[in-house]
Amino acid sequence: MLILTVIQGPEKGRVWELPANEPQLLGRSSEALPVTDTTVSRRHAELTPDEGRWWIRDLGSQNGTYVNGIRIQGRVRLRVGDQIRVGSTLLVYGQSSRVEHEDLVSVVRPDQMSAAVERTLSSNEDSVILAEPEPRSAAVHHLRVIYRLTALTSRFLERDELLAAVMELVFNEFKPERGVIMLSRERQGSEPTYKPAVVKYAQGRRRPDPPDRIHVSRTILSHAIKRGEGVLSSNAMNDPRFASGDSVQQLNIRSAICSPIAFQERTFGAIYIDTSIANYTFTEEQLALMNAIGRHTGLALANAEAYAEKLHTERLAAIGQTVASLSHSIKNILQGLRGGADVVEMGLKKDDITIARGGWGILKRNLDRIMNLTLNMLTYSRQRTLEIELVKVAPLLDDCASLLQDKCEQREVALIIDADPDLPPIPMDPNLMHQALMNLMTNAVEAVAPKTGAVTVRASYHSGRNSMGPCVRFAVIDNGPGVAEDKREKIFEPFHSTKGARGTGLGLAVTKRIVEEHHGTIEVAADTGDGAEFVLLLPADPKAIGDPSATAQTIKEPHGPLAGPRL
């Protein structure tokens, strides 16, 4: 069964099986190969089977489809191992998963496979590349190989990607027929076991069905891993002792190299390659080079594990901070709800509707707070697909203002919407952008002083005055205390609040994330001493935010009829 494996992107680790005779759509609106990556078009690319082979073509997506780093223009045939990039998602087209690798490799006992060990070479930090007839040119060549390996291993932090890239370099340099990277498993009793992580055949050689198994001598493998020495072996094809039975002659292996993958005192596994070509055998110099490759690979694996552990620690710390911050916010809201409920209960006992109404106001405010907190938590934590529509700006701002009307009347705060009615509709997700603007406007209304406070929301069109191209500029301006200079850098960080117990620290973080998902920008204008000004730029060109096919052709009013007039 042919498969697609996601190695980078929101669906990382997901595997899709490709049915034999059914074309598959890849994109955000696909049911067969759905991708939530917002940089991927709804109908991004199509994979089509044709007589056992699979082809891929781009469907006019905004960001294009790439195969092995090259943007495709027409129909391209896929081969096992090809990497497909759509948006920021990277997939690998393969014939077998890691579990199936075990069906391709056989670790053979000494009584089943005999091998003549020609040479062993210690693999450690002090290993040197052996001299050759032209030591200067040979050293330069080997140093170039090590440089390519160093550059290559620095690009990958995922183990499987790293090992696959190392094996590709080994095949380019050593020209073997077969190769496998074996990783050590947990010991079962006293006998170590090994797991194939990468299996590769020479280019142009197809894997037969049933699979052509790669036979690895347990003696050689154990020697390399236990003793930390690279092994160069050749099988005596002409030796009469191996003329029959399960000998190396029957296994058709003439030369092999096995070098440990190690770093300091730890051995991860080994790299094994072999060949059956009569006039081609590996050399001692190649053994030394393979040892160096094994050491560099071990260092890269150790770095990858250290990086993964660092990420895990940081994630645990972030989770702890999140739980603590949310618990504190929820506790404050629950206290407000309890206080409001107590006032309502007191009014009911005294049969005093005035007291009960006061308590109900407290309850309503805290219910709104927990609703906003929940919406912000969902938006910040969940990977969402933008539902892009052409939206009129003025009605969207009017809707936000109508929802804040009661709060403005209670605090006697003026809220002014200054949006050009001739503004063209712009592409956006109306629900998400409504939430972002509500966060900004609510913050502004709460920041100003009662009775004297004023908040102005302006929207204007700019035709290509910046690198974004045509855009709409939103400005939320208030006459409150402003934002202190030392708090500007952290104001968009999650759980950083300037409201004390009244804030959750998620509103501006969510707003920034929504704006950036729309390929826009948001910033706090320089402090002039007359309050705060938040400036938000959104691209007005549909092509700048997503593929044209993802944009609705009709212009929609957000959220149905508006609740009130513009203020």
# chains A, B, ... in the order shown; residues from 1 in each chain; ligands from 1

call {"tool": "residues_around", "arguments": {"residues": "Val180 in chain A", "least_positions_apart": "3", "cutoff": "8 Å", "atoms": "only C-alpha atoms", "output": "PyMOL selection string"}}
result
chain A and resi 105+167+196-200+214+271-273

call {"tool": "residues_around", "arguments": {"residues": "Gly340 in chain A", "least_positions_apart": "5", "cutoff": "6 Å", "atoms": "only C-alpha atoms", "output": "JSON, numbers by chain"}}
result
{"A": [359, 362, 363]}

call {"tool": "residues_around", "arguments": {"residues": "range 149-159 of chain A", "least_positions_apart": "4", "cutoff": "10 Å", "atoms": "only C-alpha atoms", "output": "mmCIF file with N, CA, C and O atoms, in the first residue's frame"}}
result
data_model
loop_
_atom_site.group_PDB
_atom_site.id
_atom_site.type_symbol
_atom_site.label_atom_id
_atom_site.label_comp_id
_atom_site.auth_asym_id
_atom_site.auth_seq_id
_atom_site.Cartn_x
_atom_site.Cartn_y
_atom_site.Cartn_z
ATOM 1 N N ILE A 7 5.427 15.029 7.588
ATOM 2 C CA ILE A 7 6.604 15.152 8.450
ATOM 3 C C ILE A 7 6.786 16.578 8.957
ATOM 4 O O ILE A 7 7.652 16.833 9.783
ATOM 5 N N GLN A 8 5.956 17.513 8.460
ATOM 6 C CA GLN A 8 6.034 18.894 8.945
ATOM 7 C C GLN A 8 4.695 19.566 8.700
ATOM 8 O O GLN A 8 4.109 19.446 7.628
ATOM 9 N N LEU A 143 36.913 15.700 3.492
ATOM 10 C CA LEU A 143 36.474 16.868 4.245
ATOM 11 C C LEU A 143 35.228 17.482 3.610
ATOM 12 O O LEU A 143 34.340 17.983 4.313
ATOM 13 N N ARG A 144 35.154 17.437 2.280
ATOM 14 C CA ARG A 144 33.954 17.941 1.616
ATOM 15 C C ARG A 144 32.741 17.096 1.990
ATOM 16 O O ARG A 144 31.636 17.627 2.207
ATOM 17 N N VAL A 145 32.928 15.777 2.083
ATOM 18 C CA VAL A 145 31.836 14.900 2.480
ATOM 19 C C VAL A 145 31.388 15.234 3.899
ATOM 20 O O VAL A 145 30.180 15.341 4.180
ATOM 21 N N LEU A 163 17.984 10.668 9.653
ATOM 22 C CA LEU A 163 18.575 9.395 9.234
ATOM 23 C C LEU A 163 18.362 9.152 7.742
ATOM 24 O O LEU A 163 19.247 8.610 7.069
ATOM 25 N N ALA A 164 17.211 9.538 7.221
ATOM 26 C CA ALA A 164 16.962 9.373 5.787
ATOM 27 C C ALA A 164 17.931 10.231 4.978
ATOM 28 O O ALA A 164 18.447 9.788 3.936
ATOM 29 N N ALA A 165 18.207 11.447 5.438
ATOM 30 C CA ALA A 165 19.146 12.313 4.733
ATOM 31 C C ALA A 165 20.567 11.765 4.799
ATOM 32 O O ALA A 165 21.328 11.832 3.826
ATOM 33 N N VAL A 166 20.950 11.211 5.948
ATOM 34 C CA VAL A 166 22.281 10.608 6.081
ATOM 35 C C VAL A 166 22.428 9.434 5.119
ATOM 36 O O VAL A 166 23.450 9.286 4.439
ATOM 37 N N LEU A 169 23.065 10.579 1.598
ATOM 38 C CA LEU A 169 24.459 10.990 1.389
ATOM 39 C C LEU A 169 25.375 9.780 1.281
ATOM 40 O O LEU A 169 26.294 9.756 0.444
ATOM 41 N N VAL A 170 25.148 8.772 2.117
ATOM 42 C CA VAL A 170 25.972 7.559 2.069
ATOM 43 C C VAL A 170 25.870 6.892 0.700
ATOM 44 O O VAL A 170 26.879 6.463 0.115
ATOM 45 N N ALA A 197 15.590 1.520 10.951
ATOM 46 C CA ALA A 197 14.952 2.835 10.893
ATOM 47 C C ALA A 197 14.877 3.362 9.469
ATOM 48 O O ALA A 197 13.933 4.069 9.117
ATOM 49 N N ALA A 292 33.550 8.228 10.428
ATOM 50 C CA ALA A 292 33.362 9.654 10.676
ATOM 51 C C ALA A 292 31.899 10.048 10.490
ATOM 52 O O ALA A 292 31.343 10.832 11.263
ATOM 53 N N ILE A 293 31.254 9.491 9.472
ATOM 54 C CA ILE A 293 29.833 9.767 9.246
ATOM 55 C C ILE A 293 29.009 9.276 10.431
ATOM 56 O O ILE A 293 28.076 9.950 10.886
ATOM 57 N N HIS A 296 29.400 11.748 13.355
ATOM 58 C CA HIS A 296 28.631 12.976 13.130
ATOM 59 C C HIS A 296 27.132 12.718 13.281
ATOM 60 O O HIS A 296 26.399 13.549 13.825
ATOM 61 N N THR A 297 26.687 11.560 12.799
ATOM 62 C CA THR A 297 25.265 11.223 12.927
ATOM 63 C C THR A 297 24.880 11.031 14.395
ATOM 64 O O THR A 297 23.807 11.457 14.832
ATOM 65 N N LEU A 299 26.291 12.510 16.941
ATOM 66 C CA LEU A 299 26.240 13.848 17.529
ATOM 67 C C LEU A 299 24.924 14.532 17.167
ATOM 68 O O LEU A 299 24.282 15.167 18.024
ATOM 69 N N ALA A 300 24.513 14.392 15.895
ATOM 70 C CA ALA A 300 23.253 15.014 15.459
ATOM 71 C C ALA A 300 22.059 14.413 16.195
ATOM 72 O O ALA A 300 21.129 15.128 16.584
ATOM 73 N N LEU A 301 22.051 13.084 16.388
ATOM 74 C CA LEU A 301 20.956 12.438 17.118
ATOM 75 C C LEU A 301 20.922 12.903 18.574
ATOM 76 O O LEU A 301 19.847 13.128 19.134
ATOM 77 N N ALA A 302 22.109 13.024 19.177
ATOM 78 C CA ALA A 302 22.163 13.500 20.566
ATOM 79 C C ALA A 302 21.635 14.934 20.667
ATOM 80 O O ALA A 302 20.898 15.271 21.598
ATOM 81 N N ASN A 303 22.016 15.780 19.685
ATOM 82 C CA ASN A 303 21.513 17.154 19.675
ATOM 83 C C ASN A 303 19.996 17.182 19.489
ATOM 84 O O ASN A 303 19.293 17.983 20.109
ATOM 85 N N ALA A 304 19.491 16.312 18.596
ATOM 86 C CA ALA A 304 18.047 16.262 18.356
ATOM 87 C C ALA A 304 17.307 15.847 19.619
ATOM 88 O O ALA A 304 16.241 16.406 19.944
ATOM 89 N N GLU A 305 17.844 14.870 20.340
ATOM 90 C CA GLU A 305 17.209 14.443 21.584
ATOM 91 C C GLU A 305 17.258 15.553 22.639
ATOM 92 O O GLU A 305 16.280 15.771 23.362
ATOM 93 N N ALA A 306 18.399 16.255 22.703
ATOM 94 C CA ALA A 306 18.510 17.347 23.679
ATOM 95 C C ALA A 306 17.528 18.462 23.345
ATOM 96 O O ALA A 306 16.901 19.052 24.240
ATOM 97 N N TYR A 307 17.385 18.750 22.042
ATOM 98 C CA TYR A 307 16.440 19.791 21.629
ATOM 99 C C TYR A 307 15.005 19.374 21.949
ATOM 100 O O TYR A 307 14.206 20.178 22.433
ATOM 101 N N ALA A 308 14.677 18.095 21.671
ATOM 102 C CA ALA A 308 13.331 17.597 21.971
ATOM 103 C C ALA A 308 13.053 17.655 23.469
ATOM 104 O O ALA A 308 11.947 18.016 23.901
#

call {"tool": "atom_distance", "arguments": {"atom1": "CA of Phe534 in chain A", "atom2": "CA of Ala449 in chain A"}}
result
18.0 Å

call {"tool": "select_by_dssp", "arguments": {"residues": "range 361-523 of chain A", "states": "helix (DSSP H, G or I)", "output": "PyMOL selection string"}}
result
chain A and resi 361-381+393-403+405-411+430-447+485-487+500-502+507-517

call {"tool": "residues_around", "arguments": {"residues": "Val6 in chain A", "least_positions_apart": "3", "cutoff": "7 Å", "atoms": "only C-alpha atoms", "output": "list of chain:residue names"}}
result
A:Glu11, A:Lys12, A:Gly13, A:Arg14, A:Val15, A:Leu90, A:Leu91, A:Val92

call {"tool": "atom_distance", "arguments": {"atom1": "CA of Gly27 in chain A", "atom2": "CA of Ile388 in chain A"}}
result
15.0 Å

call {"tool": "closest_residue", "arguments": {"among": "A:Ile84, A:Val457, A:Met371, A:Ala341", "to": "Leu396 in chain A", "atoms": "only C-alpha atoms"}}
result
A:Val457

call {"tool": "residues_around", "arguments": {"residues": "range 434-436 of chain A", "least_positions_apart": "5", "cutoff": "9 Å", "atoms": "only C-alpha atoms", "output": "tab-separated table (two decimals) with C-alpha atoms, in the first residue's frame"}}
result
chain	number	residue	atom	x	y	z
A	375	LEU	CA	-13.79	32.04	23.33
A	376	ASN	CA	-10.25	33.42	23.59
A	396	LEU	CA	-18.67	44.87	10.98
A	397	LEU	CA	-17.59	47.79	13.19
A	399	ASP	CA	-21.99	45.32	15.02
A	400	CYS	CA	-19.09	45.45	17.49
A	429	ASP	CA	-12.91	35.51	8.28
A	441	MET	CA	-12.64	47.89	21.46
A	507	GLY	CA	-7.36	39.08	24.53
A	508	LEU	CA	-4.48	40.85	22.79
A	510	VAL	CA	-5.63	36.16	20.45
A	511	THR	CA	-6.09	39.37	18.46
A	512	LYS	CA	-2.48	39.30	17.28
A	513	ARG	CA	-2.78	35.67	16.24
A	514	ILE	CA	-5.98	36.32	14.27
A	515	VAL	CA	-4.45	39.34	12.52
A	558	PRO	CA	-21.42	39.99	9.33

call {"tool": "closest_residue", "arguments": {"among": "A:Leu221, A:Leu18, A:Ala454, A:Ala414", "to": "Arg53 in chain A", "atoms": "only C-alpha atoms"}}
result
A:Leu18

call {"tool": "residues_around", "arguments": {"residues": "range 225-228 of chain A", "least_positions_apart": "2", "cutoff": "7 Å", "atoms": "only C-alpha atoms", "output": "PyMOL selection string"}}
result
chain A and resi 122-123+221-223+230+260+267+269-270

call {"tool": "write_last_selection", "arguments": {"atoms": "N, CA, C and O atoms", "output": "PDB file, in the first residue's frame"}}
result
ATOM      1  N   SER A 122      38.619   1.553  15.012  1.00  0.00           N
ATOM      2  CA  SER A 122      37.944   2.169  16.143  1.00  0.00           C
ATOM      3  C   SER A 122      37.252   3.463  15.713  1.00  0.00           C
ATOM      4  O   SER A 122      37.792   4.242  14.925  1.00  0.00           O
ATOM      5  N   SER A 123      36.037   3.658  16.233  1.00  0.00           N
ATOM      6  CA  SER A 123      35.279   4.872  15.940  1.00  0.00           C
ATOM      7  C   SER A 123      35.157   5.678  17.217  1.00  0.00           C
ATOM      8  O   SER A 123      34.454   5.283  18.141  1.00  0.00           O
ATOM      9  N   LEU A 221      27.215  -6.803  13.135  1.00  0.00           N
ATOM     10  CA  LEU A 221      26.415  -5.752  13.749  1.00  0.00           C
ATOM     11  C   LEU A 221      26.728  -5.623  15.238  1.00  0.00           C
ATOM     12  O   LEU A 221      26.920  -4.512  15.759  1.00  0.00           O
ATOM     13  N   SER A 222      26.801  -6.748  15.925  1.00  0.00           N
ATOM     14  CA  SER A 222      27.111  -6.717  17.357  1.00  0.00           C
ATOM     15  C   SER A 222      28.515  -6.193  17.603  1.00  0.00           C
ATOM     16  O   SER A 222      28.759  -5.440  18.565  1.00  0.00           O
ATOM     17  N   HIS A 223      29.445  -6.567  16.742  1.00  0.00           N
ATOM     18  CA  HIS A 223      30.828  -6.091  16.889  1.00  0.00           C
ATOM     19  C   HIS A 223      30.865  -4.565  16.772  1.00  0.00           C
ATOM     20  O   HIS A 223      31.504  -3.883  17.586  1.00  0.00           O
ATOM     21  N   GLY A 230      34.204   0.227  13.479  1.00  0.00           N
ATOM     22  CA  GLY A 230      33.694  -0.006  12.151  1.00  0.00           C
ATOM     23  C   GLY A 230      34.268  -1.304  11.599  1.00  0.00           C
ATOM     24  O   GLY A 230      35.413  -1.657  11.869  1.00  0.00           O
ATOM     25  N   PRO A 260      29.450   2.080  13.652  1.00  0.00           N
ATOM     26  CA  PRO A 260      28.533   2.469  14.730  1.00  0.00           C
ATOM     27  C   PRO A 260      28.101   3.929  14.624  1.00  0.00           C
ATOM     28  O   PRO A 260      28.852   4.781  14.139  1.00  0.00           O
ATOM     29  N   THR A 267      25.883   4.513  22.207  1.00  0.00           N
ATOM     30  CA  THR A 267      25.796   4.004  20.842  1.00  0.00           C
ATOM     31  C   THR A 267      24.329   3.866  20.468  1.00  0.00           C
ATOM     32  O   THR A 267      23.579   3.125  21.101  1.00  0.00           O
ATOM     33  N   GLY A 269      23.175   2.960  17.333  1.00  0.00           N
ATOM     34  CA  GLY A 269      22.944   1.875  16.383  1.00  0.00           C
ATOM     35  C   GLY A 269      24.103   1.796  15.412  1.00  0.00           C
ATOM     36  O   GLY A 269      25.256   2.045  15.780  1.00  0.00           O
ATOM     37  N   ALA A 270      23.813   1.460  14.150  1.00  0.00           N
ATOM     38  CA  ALA A 270      24.875   1.294  13.164  1.00  0.00           C
ATOM     39  C   ALA A 270      24.348   1.563  11.763  1.00  0.00           C
ATOM     40  O   ALA A 270      23.160   1.421  11.478  1.00  0.00           O
TER      41      ALA A 270
END

call {"tool": "closest_residue", "arguments": {"among": "A:Phe474, A:Phe268, A:Phe263, A:Tyr461", "to": "Ile417 in chain A", "atoms": "only C-alpha atoms"}}
result
A:Phe474

call {"tool": "select_by_dssp", "arguments": {"residues": "range 282-525 of chain A", "states": "strand (DSSP E or B)", "output": "PyMOL selection string"}}
result
chain A and resi 389-391+414-419+426-428+454-462+471-478+521-524

call {"tool": "write_last_selection", "arguments": {"atoms": "C-alpha atoms", "output": "short mmCIF file (atom, residue, chain, number, x, y, z; two decimals), in the first residue's frame"}}
result
data_model
loop_
_atom_site.label_atom_id
_atom_site.label_comp_id
_atom_site.auth_asym_id
_atom_site.auth_seq_id
_atom_site.Cartn_x
_atom_site.Cartn_y
_atom_site.Cartn_z
CA GLU A 389 -15.33 36.05 2.68
CA LEU A 390 -15.51 39.54 1.18
CA VAL A 391 -16.80 41.59 4.10
CA ALA A 414 -18.47 57.85 24.07
CA LEU A 415 -17.78 55.26 21.34
CA ILE A 416 -17.38 56.76 17.85
CA ILE A 417 -17.17 54.69 14.67
CA ASP A 418 -15.48 56.57 11.82
CA ALA A 419 -15.49 54.22 8.82
CA ILE A 426 -11.99 43.11 2.07
CA PRO A 427 -11.23 39.39 2.43
CA MET A 428 -11.42 38.11 6.01
CA ALA A 454 -13.93 58.53 24.60
CA VAL A 455 -13.03 55.77 22.16
CA THR A 456 -12.71 56.31 18.41
CA VAL A 457 -12.47 53.51 15.87
CA ARG A 458 -11.33 54.57 12.40
CA ALA A 459 -11.12 52.54 9.21
CA SER A 460 -9.48 53.85 6.02
CA TYR A 461 -8.25 52.45 2.74
CA HIS A 462 -4.59 52.69 1.69
CA CYS A 471 -4.81 47.45 2.70
CA VAL A 472 -7.36 48.72 5.19
CA ARG A 473 -6.06 50.50 8.29
CA PHE A 474 -8.00 50.13 11.54
CA ALA A 475 -7.15 52.43 14.44
CA VAL A 476 -8.66 52.00 17.92
CA ILE A 477 -7.92 55.20 19.85
CA ASP A 478 -8.79 56.01 23.47
CA THR A 521 0.00 43.43 11.28
CA ILE A 522 -0.91 45.00 14.61
CA GLU A 523 1.07 47.36 16.81
CA VAL A 524 0.75 49.99 19.52
#

call {"tool": "atom_distance", "arguments": {"atom1": "CA of Asn332 in chain A", "atom2": "CA of Asp351 in chain A"}}
result
28.5 Å

call {"tool": "closest_residue", "arguments": {"among": "A:Pro450, A:Ile220, A:Pro421, A:Tyr66", "to": "Asp398 in chain A", "atoms": "only C-alpha atoms"}}
result
A:Pro421
